[in-house]
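Participant: First the structure, which I've put down as structure tokens, then a few questions once you've had a look.
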Amino acid sequence: MRTPATPAPSEAPADAVLAVNPLHRPSPRLTAAAGRAGALGVLELSERRRDAIEVLRRTARWSGGRPFGVRVRPGCPLGVADLPEDATTVLLADPARTAADFPGRRVLVEVTSLAAAADAVRAGAAGLLLRGSECGGRAGELSTFVLLQGVLADPGIAVPVWAWGGIGPRTAAAAVAGGAAGVVLDVQLALLDEAEPDAETVEALGSLDGSESVLVDGVRFLRRRGPQAPEPPADSAAAERAFAATDPLRRLLPDGQDGYLAASFAARSATVAEAVRRVRDAIGR
């Protein structure tokens, strides 16, 4: 296992925290706030081209020249020519696209298994985002820390890796101490003001214990209950469509076993900046 360079006291390494818009919902405000707090804010891109261009424009303006990332999921219509200069990093969540589609940008590929990690490196990934079984949305069969240990032990993988799933301040510190370049926050930020959560999200995430999610075809989501709850999707493609549904009765939340962390973070931090600094401070210490 690789041993990282020891950071200065109370100083987390660069890019130690990637703050991704939670629940697959674009949030320029959250992205900009995370950047001001010392994280790399990552903007979720919409499947609708006009909407995606608009949130990119606002994010670039509100970020004030700070670099930020964008997350490209299946169905995203944008290419590298559509990205502003400040969008220096691409989080690639679409298996149909590769790093070669985004020349001149740092491309970090989301993976859920050891085999996928090796394939992504061979295809030119500059880094890997390891999505463990705790994640909402695409999730692996292995827990985040088991997946992290397996990837770090592979001599053929020399690119930096980030741990995604089940991350709090202590687990963030443990991941970096164990060899990760950093960690990813997403659902942890879902109930903070900058995420602008709607009433449905607040109600759904306010009292979770981690057992409410279900995994179907490699995708994890919050199981909805009650007489108006939709039928669970049959496969990953149907789940992705349900995540993007505009009808609240059909929409599913890409929430995983770590969804309970949203309420935990909101109880301890009033803003995204406070949440990011807590995690960065824990890593630095």
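For the structure tokens, the naming scheme is as follows: chains receive sequential letters (A, B, ...) according to their order of presentation, residues are indexed from 1 within each chain, and ligands are indexed from 1 in presentation order.
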Can you pull out every residue from range 79-277 of chain A that DSSP, working from the backbone, puts in alpha helix (DSSP H), and format the result as an MDAnalysis selection string?

Facilitator: chainID A and resid 114:122 144:152 169:177 199:205 236:243 261:268 272:277

Participant: Need the shell around Cys135 in chain A: protein/DNA/RNA residues with any atom at most 10 Å away, counting only C-alpha atoms. Skip same-chain ones fewer than 3 positions apart. Format as a list of chain:residue names?

Facilitator: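 Listing them by chain and then by number gives A:Thr112, A:Leu130, A:Arg131, A:Gly132, A:Arg138, A:Ala139, A:Gly140, A:Ser143, A:Thr144, A:Trp164, A:Gly165, A:Gly166, A:Ile167, A:Asp186, A:Val187, A:Ser213, A:Val219, A:Arg220, A:Phe221, A:Pro254, A:Asp255, A:Gly256, A:Gln257, A:Asp258, A:Gly259.
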
Participant: With distances taken over only C-alpha atoms, which of A:Leu45, A:Val202, A:Ala12, A:Ala115 is nearest to Ala173 in chain A?

Facilitator: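 Closest candidate: A:Ala12.
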
Participant: Compare A:Gly38, A:Gly137, A:Thr88, A:Ser207 by their minimum atom-to-atom distance to Arg241 in chain A, counting only C-alpha atoms, and give me the closest one.

Facilitator: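 Closest residue, counting only C-alpha atoms: A:Gly137.
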
Participant: With only C-alpha atoms as the basis for distance, which of A:Val214, A:Ala118, A:Ala175, A:Leu189 is at the shortest distance from Asp154 in chain A?

Facilitator: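 Closest residue, counting only C-alpha atoms: A:Ala118.
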
Participant: List the spatial neighbours of Val176 in chain A as a list in words - criterion: any atom at most 9 Å away, only C-alpha atoms, same-chain residues fewer than 3 positions off excluded.

Facilitator: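 Answer for this query is Pro4, Ala16, Trp162, Ala163, Thr171, Ala172, Ala173, Gly179, Ala180, Ala181, Gly182, Val183 and Ile283 of chain A.
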
Participant: Sorted by chain and rising residue number, list the residues of range 73-148 of chain A at most 12 Å from range 244-247 of chain A (counting only C-alpha atoms), each with its closest atom pair and distance in Å to one decimal, as a tab-separated table.

Facilitator:
```
residue	atom	partner	partner_atom	distance
A:Arg73	CA	A:Ala244	CA	11.3
A:Pro74	CA	A:Ala244	CA	11.3
A:Gly75	CA	A:Ala244	CA	10.5
A:Cys76	CA	A:Ala244	CA	11.7
A:Gly137	CA	A:Ala244	CA	11.8
```

Participant: Please dump the current selection as a PDB file, in the first residue's frame; keep N, CA, C and O atoms.

Facilitator:
```
ATOM      1  N   ARG A  73     -22.623  12.393 -16.206  1.00  0.00           N
ATOM      2  CA  ARG A  73     -23.337  11.134 -16.074  1.00  0.00           C
ATOM      3  C   ARG A  73     -23.898  10.713 -17.422  1.00  0.00           C
ATOM      4  O   ARG A  73     -23.920  11.500 -18.371  1.00  0.00           O
ATOM      5  N   PRO A  74     -24.379   9.464 -17.546  1.00  0.00           N
ATOM      6  CA  PRO A  74     -24.999   9.041 -18.810  1.00  0.00           C
ATOM      7  C   PRO A  74     -26.127   9.986 -19.214  1.00  0.00           C
ATOM      8  O   PRO A  74     -26.935  10.403 -18.394  1.00  0.00           O
ATOM      9  N   GLY A  75     -26.142  10.354 -20.480  1.00  0.00           N
ATOM     10  CA  GLY A  75     -27.158  11.267 -20.983  1.00  0.00           C
ATOM     11  C   GLY A  75     -26.740  12.717 -21.011  1.00  0.00           C
ATOM     12  O   GLY A  75     -27.433  13.548 -21.610  1.00  0.00           O
ATOM     13  N   CYS A  76     -25.619  13.060 -20.387  1.00  0.00           N
ATOM     14  CA  CYS A  76     -25.157  14.448 -20.412  1.00  0.00           C
ATOM     15  C   CYS A  76     -24.758  14.814 -21.845  1.00  0.00           C
ATOM     16  O   CYS A  76     -23.937  14.126 -22.460  1.00  0.00           O
ATOM     17  N   GLY A 137     -26.773   5.907  -5.816  1.00  0.00           N
ATOM     18  CA  GLY A 137     -26.478   5.853  -7.245  1.00  0.00           C
ATOM     19  C   GLY A 137     -25.640   4.625  -7.539  1.00  0.00           C
ATOM     20  O   GLY A 137     -25.831   3.566  -6.936  1.00  0.00           O
TER      21      GLY A 137
END
```

Participant: From the set A:Val159, A:Ala242, A:Leu152, A:Ala195, which residue has the shortest atom-to-atom contact distance to Ala32 in chain A, counting only C-alpha atoms?

Facilitator: A:Ala195

Participant: Write out as an MDAnalysis selection string all residues of range 45-222 of chain A that backbone DSSP assigns to strand (DSSP E or B).

Facilitator: chainID A and resid 68:72 87:92 106:111 127:131 137:138 161:164 182:185 213:216 219:222

Participant: Given only C-alpha atoms as the basis, pick out the residue of A:Ala238, A:Arg250, A:Arg105, A:Leu191 nearest to Arg268 in chain A.

Facilitator: A:Leu191

Participant: Excluding Arg36 in chain A and its own-chain neighbours fewer than 5 positions away, which residues fall within 10 Å of it when counting only C-alpha atoms? Please give them as a CSV table (one decimal) with N, CA, C and O atoms, in the first residue's frame.

Facilitator:
```
chain,number,residue,atom,x,y,z
A,30,LEU,N,-23.8,25.6,-4.2
A,30,LEU,CA,-23.0,24.7,-3.3
A,30,LEU,C,-21.6,24.5,-3.9
A,30,LEU,O,-20.6,24.5,-3.2
A,31,THR,N,-21.5,24.4,-5.2
A,31,THR,CA,-20.2,24.2,-5.9
A,31,THR,C,-19.3,25.4,-5.6
A,31,THR,O,-18.1,25.2,-5.2
A,41,GLY,N,-15.1,22.1,-5.5
A,41,GLY,CA,-16.6,21.9,-5.8
A,41,GLY,C,-16.8,21.3,-7.1
A,41,GLY,O,-16.1,21.6,-8.1
A,62,TRP,N,-20.0,32.6,-10.0
A,62,TRP,CA,-20.0,32.7,-8.6
A,62,TRP,C,-18.7,32.1,-8.0
A,62,TRP,O,-18.3,32.4,-6.9
A,63,SER,N,-18.0,31.3,-8.8
A,63,SER,CA,-16.7,30.8,-8.3
A,63,SER,C,-15.6,31.8,-8.3
A,63,SER,O,-14.5,31.6,-7.7
A,64,GLY,N,-15.8,32.9,-9.0
A,64,GLY,CA,-14.8,34.0,-8.9
A,64,GLY,C,-13.4,33.6,-9.4
A,64,GLY,O,-12.4,34.1,-8.9
A,66,ARG,N,-12.0,30.6,-9.3
A,66,ARG,CA,-11.5,29.4,-8.7
A,66,ARG,C,-11.8,28.2,-9.5
A,66,ARG,O,-12.9,28.1,-10.1
A,272,VAL,N,-22.0,24.8,4.1
A,272,VAL,CA,-21.0,23.9,3.4
A,272,VAL,C,-19.6,24.2,3.8
A,272,VAL,O,-18.8,23.3,4.0
A,273,ALA,N,-19.3,25.5,4.0
A,273,ALA,CA,-17.9,25.8,4.4
A,273,ALA,C,-17.5,25.2,5.7
A,273,ALA,O,-16.4,24.7,5.8
A,276,VAL,N,-17.0,21.4,5.1
A,276,VAL,CA,-15.8,21.1,4.4
A,276,VAL,C,-14.6,21.3,5.3
A,276,VAL,O,-13.6,20.5,5.4
```

Participant: Rounded to one decimal in Å, what is the spacing between CA of Thr89 in chain A and CA of Pro13 in chain A?

Facilitator: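 Computed distance, CA of Thr89 in chain A to CA of Pro13 in chain A, equals 16.8 Å.
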
Participant: Pick the closest to Gly124 in chain A from A:Leu108, A:Leu40, A:Leu83, A:Val279: which is it, counting only C-alpha atoms?

Facilitator: A:Leu108

Participant: Tell me, in Å to one decimal, how far CA of Leu43 in chain A is from CA of Val70 in chain A.

Facilitator: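 For CA of Leu43 in chain A relative to CA of Val70 in chain A, the distance reads 4.6 Å.
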